[in-house]
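Shown here: start-v6.txt, compact mmCIF, C-alpha atoms.
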# COMPACT_ATOMS: atom_id res chain seq x y z
CA MET A 1 71.91 -107.00 -53.87
CA LYS A 2 69.02 -106.17 -56.23
CA LYS A 3 66.64 -106.42 -53.29
CA ALA A 4 68.77 -104.04 -51.19
CA SER A 5 69.03 -101.55 -54.09
CA PHE A 6 65.28 -101.71 -54.67
CA THR A 7 64.61 -101.14 -50.95
CA PHE A 8 67.02 -98.19 -50.93
CA LEU A 9 65.35 -96.64 -54.02
CA LEU A 10 61.89 -97.13 -52.56
CA ALA A 11 62.87 -95.58 -49.24
CA SER A 12 64.59 -92.66 -51.00
CA SER A 13 61.56 -92.04 -53.19
CA LEU A 14 59.21 -92.02 -50.22
CA PHE A 15 61.53 -89.72 -48.28
CA PHE A 16 61.77 -87.23 -51.13
CA ALA A 17 58.06 -87.44 -51.88
CA CYS A 18 57.11 -86.74 -48.25
CA ASN A 19 59.68 -83.96 -48.00
CA ASN A 20 58.36 -82.42 -51.24
CA LYS A 21 54.74 -82.50 -49.90
CA GLN A 22 55.83 -80.62 -46.80
CA GLN A 23 57.46 -77.98 -48.96
CA VAL A 24 54.37 -77.65 -51.14
CA ALA A 25 52.13 -77.35 -48.06
CA THR A 26 54.43 -74.72 -46.58
CA GLN A 27 54.59 -72.83 -49.87
CA ASN A 28 50.77 -72.70 -50.11
CA VAL A 29 50.45 -70.80 -46.81
CA THR A 30 50.32 -67.13 -47.73
CA SER A 31 50.85 -64.06 -45.58
CA THR A 32 47.09 -63.42 -45.85
CA ASP A 33 46.42 -66.84 -44.34
CA THR A 34 48.88 -66.09 -41.54
CA ILE A 35 47.22 -62.73 -40.87
CA SER A 36 43.79 -64.40 -40.88
CA ILE A 37 44.91 -67.08 -38.42
CA THR A 38 46.56 -64.43 -36.23
CA LYS A 39 43.40 -62.29 -36.33
CA GLN A 40 41.24 -65.28 -35.39
CA ASN A 41 43.54 -66.03 -32.45
CA ASN A 42 43.54 -62.38 -31.37
CA ASP A 43 39.74 -62.17 -31.70
CA SER A 44 39.40 -65.33 -29.63
CA LEU A 45 41.69 -63.88 -26.96
CA SER A 46 39.82 -60.56 -27.05
CA CYS A 47 36.45 -62.35 -26.71
CA LYS A 48 37.75 -64.18 -23.65
CA GLU A 49 39.09 -60.88 -22.29
CA VAL A 50 35.69 -59.19 -22.79
CA GLN A 51 33.82 -62.13 -21.27
CA LYS A 52 36.14 -62.14 -18.25
CA ARG A 53 35.61 -58.39 -17.77
CA VAL A 54 31.80 -58.71 -17.89
CA GLU A 55 32.02 -61.55 -15.37
CA GLU A 56 34.22 -59.34 -13.16
CA ILE A 57 31.69 -56.49 -13.31
CA TYR A 58 28.65 -58.59 -12.48
CA SER A 59 30.55 -60.56 -9.82
CA PHE A 60 31.29 -57.22 -8.14
CA ILE A 61 27.65 -56.13 -8.45
CA CYS A 62 26.24 -59.41 -7.11
CA LYS A 63 28.75 -59.62 -4.25
CA HIS A 64 28.16 -56.09 -2.98
CA TYR A 65 24.43 -55.94 -3.56
CA ASN A 66 23.84 -59.35 -1.96
CA ALA A 67 25.83 -58.15 1.07
CA TYR A 68 23.67 -55.00 1.13
CA ASP A 69 26.85 -52.94 1.02
CA ASN A 70 25.60 -49.34 1.28
CA ASN A 71 28.99 -48.06 0.14
CA VAL A 72 28.34 -49.39 -3.35
CA SER A 73 25.75 -47.68 -5.53
CA TYR A 74 25.11 -47.59 -9.23
CA ASN A 75 27.35 -44.47 -9.33
CA THR A 76 30.20 -46.50 -7.82
CA ILE A 77 29.81 -48.99 -10.64
CA VAL A 78 29.70 -46.20 -13.25
CA GLN A 79 32.98 -44.76 -11.98
CA LYS A 80 34.68 -48.14 -11.73
CA TYR A 81 33.41 -49.96 -14.83
CA CYS A 82 31.98 -47.50 -17.38
CA SER A 83 33.49 -45.77 -20.39
CA ASP A 84 34.67 -42.17 -20.28
CA SER A 85 31.71 -41.02 -22.38
CA TRP A 86 29.25 -42.80 -20.05
CA LYS A 87 30.89 -41.10 -17.03
CA LEU A 88 30.52 -37.67 -18.66
CA GLN A 89 26.90 -38.33 -19.50
CA ALA A 90 26.18 -39.66 -15.99
CA ALA A 91 27.71 -36.48 -14.52
CA GLN A 92 25.34 -34.40 -16.67
CA VAL A 93 22.37 -36.44 -15.43
CA ASP A 94 23.50 -36.05 -11.81
CA SER A 95 23.83 -32.29 -12.31
CA ILE A 96 20.30 -32.04 -13.71
CA ASP A 97 18.96 -34.22 -10.88
CA ALA A 98 20.70 -32.00 -8.29
CA LYS A 99 18.88 -28.91 -9.62
CA ASN A 100 15.56 -30.67 -9.03
CA ASP A 101 16.17 -32.06 -5.56
CA ASP A 102 12.43 -32.18 -4.83
CA GLU A 103 11.99 -34.77 -7.58
CA ILE A 104 13.19 -38.36 -7.85
CA GLY A 105 15.38 -37.69 -10.88
CA LEU A 106 15.87 -39.77 -13.97
CA TRP A 107 16.48 -43.15 -12.37
CA ASP A 108 14.00 -44.33 -9.76
CA TYR A 109 15.52 -47.80 -9.85
CA ASP A 110 18.98 -49.29 -10.26
CA TYR A 111 19.50 -50.08 -13.94
CA TRP A 112 22.39 -52.47 -13.19
CA ILE A 113 19.94 -54.87 -11.53
CA GLN A 114 16.74 -53.58 -13.18
CA ALA A 115 14.98 -53.05 -9.85
CA GLN A 116 14.79 -50.98 -6.68
CA ASP A 117 15.38 -54.06 -4.56
CA ASN A 118 17.36 -57.22 -4.95
CA ASP A 119 17.10 -60.77 -3.77
CA LYS A 120 19.94 -63.27 -4.22
CA LEU A 121 21.40 -61.67 -7.33
CA SER A 122 23.25 -63.99 -9.65
CA PHE A 123 24.23 -64.10 -13.27
CA LYS A 124 25.02 -66.74 -15.87
CA ASN A 125 25.48 -67.31 -19.61
CA VAL A 126 27.88 -64.44 -20.33
CA ARG A 127 28.42 -64.39 -24.09
CA VAL A 128 30.24 -62.15 -26.52
CA LEU A 129 27.86 -61.67 -29.44
CA SER A 130 30.19 -59.64 -31.63
CA LEU A 131 33.60 -58.02 -31.54
CA LYS A 132 34.62 -55.27 -33.95
CA GLY A 133 37.83 -53.43 -33.17
CA ASN A 134 37.47 -51.84 -29.75
CA THR A 135 33.73 -52.50 -29.43
CA ALA A 136 32.03 -55.67 -28.24
CA GLU A 137 28.38 -56.59 -27.84
CA THR A 138 27.72 -58.94 -24.93
CA GLU A 139 24.80 -60.59 -23.22
CA LEU A 140 24.18 -62.25 -19.87
CA THR A 141 21.30 -63.60 -17.87
CA LEU A 142 20.75 -61.82 -14.56
CA HIS A 143 18.66 -63.33 -11.80
CA ASN A 144 16.92 -60.86 -9.50
CA PHE A 145 13.66 -62.42 -8.33
CA ASN A 146 13.51 -63.93 -11.86
CA ASP A 147 15.78 -64.30 -14.91
CA PHE A 148 16.08 -61.67 -17.62
CA THR A 149 18.61 -60.70 -20.26
CA ILE A 150 21.09 -57.84 -19.97
CA HIS A 151 22.84 -56.62 -23.11
CA LEU A 152 26.08 -54.64 -22.62
CA THR A 153 28.03 -52.69 -25.20
CA MET A 154 31.68 -52.76 -24.17
CA VAL A 155 34.50 -50.50 -25.40
CA LYS A 156 38.21 -50.85 -24.91
CA GLU A 157 39.77 -47.76 -23.31
CA HIS A 158 42.95 -47.29 -21.32
CA GLY A 159 43.91 -50.92 -21.98
CA ASN A 160 40.73 -52.44 -20.48
CA TRP A 161 37.09 -53.09 -21.39
CA PHE A 162 34.40 -50.77 -20.03
CA VAL A 163 30.61 -50.71 -20.26
CA ASP A 164 29.45 -48.13 -22.81
CA ASP A 165 25.74 -48.96 -22.79
CA LEU A 166 23.21 -51.26 -21.12
CA LEU A 167 19.89 -52.56 -22.34
CA SER A 168 17.75 -55.21 -20.73
CA SER A 169 14.73 -57.19 -21.80
CA LYS A 170 12.78 -55.02 -19.32
CA MET A 171 13.73 -51.69 -20.93
CA LYS A 172 12.27 -49.86 -23.94
CA SER A 173 15.56 -48.08 -24.69
CA SER A 174 19.12 -48.32 -23.45
CA VAL A 175 20.55 -46.42 -20.48
CA ARG A 176 22.61 -44.15 -22.71
CA ALA A 177 19.68 -43.39 -25.05
CA THR A 178 17.44 -42.63 -22.07
CA GLN A 179 20.07 -40.35 -20.54
CA THR A 180 20.57 -38.56 -23.88
CA GLU A 181 16.83 -37.80 -24.11
CA TYR A 182 16.76 -36.65 -20.46
CA ILE A 183 19.66 -34.24 -21.07
CA LYS A 184 18.05 -32.87 -24.27
CA SER A 185 14.76 -32.36 -22.43
CA ALA A 186 16.49 -30.52 -19.60
CA GLU A 187 18.34 -28.28 -22.05
CA LEU A 188 15.06 -27.38 -23.77
CA ASN A 189 13.46 -26.59 -20.40
CA ASP A 190 16.39 -24.31 -19.50
CA LYS A 191 15.84 -22.15 -22.60
Before we go any further, please render this structure as structure tokens.
Amino acid sequence: MKKASFTFLLASSLFFACNNKQQVATQNVTSTDTISITKQNNDSLSCKEVQKRVEEIYSFICKHYNAYDNNVSYNTIVQKYCSDSWKLQAAQVDSIDAKNDDEIGLWDYDYWIQAQDNDKLSFKNVRVLSLKGNTAETELTLHNFNDFTIHLTMVKEHGNWFVDDLLSSKMKSSVRATQTEYIKSAELNDK
């Protein structure tokens, strides 16, 4: 009987001790910890969302350019995949270029592929470098004759991610910065 009582007391003690540890562990989780874990999960989901969107954009570009689809130009990509502010700026550039139809215009090459021509376009290594609110910095390796890095700034608008700027290892300044300078120069020339 002593042995049975001892066994019962030991089992009860272990049960209560384990149960008490679970309560302590649960009590130590604060709402800040929960928010932090939720934010990490949301950031992880958002990073995957951004990465998927960049892959979608460059899959579209590679598919249509490799098929030499004349119905797809860099303007098609701007309208389909760029932010509202990029679209407005691109429209200003197109308007300036239209006034000077005897000249090439701002872009004498396709900035999406960093060339006038393409050969077996492909991309790899899409990475999200940073994510802050509705802005993400991303990077990928594009192959067009050789490999080079493309850096995209993405913004979330209308429930999806859109390209807000592009810079490659071949460029001195980004597309948006170049277009801004071009517009300022044209405005000064108009005065």
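Comparing A:Val78, A:Asn160, A:Glu139, A:Val72 by their smallest distance to Ala91 of chain A, the closest is A:Val78 (using all atoms listed in the file).
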Could the residues of segment 78-128 of chain A that have an atom at most 10 Å from segment 56-60 of chain A be listed as a tab-separated table, each with its closest atom pair and the distance in Å to one decimal, counting all atoms listed in the file and ordered by chain and ascending residue number?
residue	atom	partner	partner_atom	distance
A:Lys80	CA	A:Ile57	CA	9.0
A:Tyr81	CA	A:Ile57	CA	6.9
A:Cys82	CA	A:Ile57	CA	9.9
A:Trp112	CA	A:Tyr58	CA	8.8
A:Ile113	CA	A:Tyr58	CA	9.5
A:Leu121	CA	A:Tyr58	CA	9.4
A:Ser122	CA	A:Ser59	CA	8.1
A:Phe123	CA	A:Tyr58	CA	7.1
A:Lys124	CA	A:Tyr58	CA	9.5
A:Val126	CA	A:Tyr58	CA	9.8
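One finds atom CA of Thr153 of chain A at 12.9 Å from atom CA of Cys47 of chain A.
Shortest separation to Lys99 of chain A among A:Leu142, A:Ala186, A:Asp147, A:Ser44 occurs at residue A:Ala186, atoms counted being all atoms listed in the file.
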query = From the set A:Tyr68, A:Trp107, A:Trp161, A:Phe148, which residue has the shortest atom-to-atom contact distance to Thr178 of chain A, counting all atoms listed in the file?
reply = A:Trp107
Please provide the set of residues having any atom within 10 Å of Asp117 of chain A, restricted to all atoms listed in the file, with same-chain residues fewer than 4 positions apart removed, written as a PDB file with C-alpha atoms, keeping the file's coordinate frame.
ATOM      1  CA  TYR A  65      24.430 -55.940  -3.560  1.00  0.00           C
ATOM      2  CA  TYR A 109      15.520 -47.800  -9.850  1.00  0.00           C
ATOM      3  CA  ASP A 110      18.980 -49.290 -10.260  1.00  0.00           C
ATOM      4  CA  ILE A 113      19.940 -54.870 -11.530  1.00  0.00           C
ATOM      5  CA  ASN A 144      16.920 -60.860  -9.500  1.00  0.00           C
ATOM      6  CA  PHE A 145      13.660 -62.420  -8.330  1.00  0.00           C
TER       7      PHE A 145
END
request  = Compare A:Met154, A:Leu166, A:Ala115, A:Ala67 by their minimum atom-to-atom distance to Gly133 of chain A, counting only C-alpha atoms, and give me the closest one.
outcome  = A:Met154
note = The residue from A:Ser173, A:Ser83, A:Gln51, A:Asn75 with the smallest atom-to-atom distance to His158 of chain A, counting all atoms listed in the file, is A:Ser83
task = Considering only C-alpha atoms, state which residue in the set A:Lys63, A:His143, A:Arg176, A:Lys170 is at the smallest distance from Lys87 of chain A.
result = A:Arg176
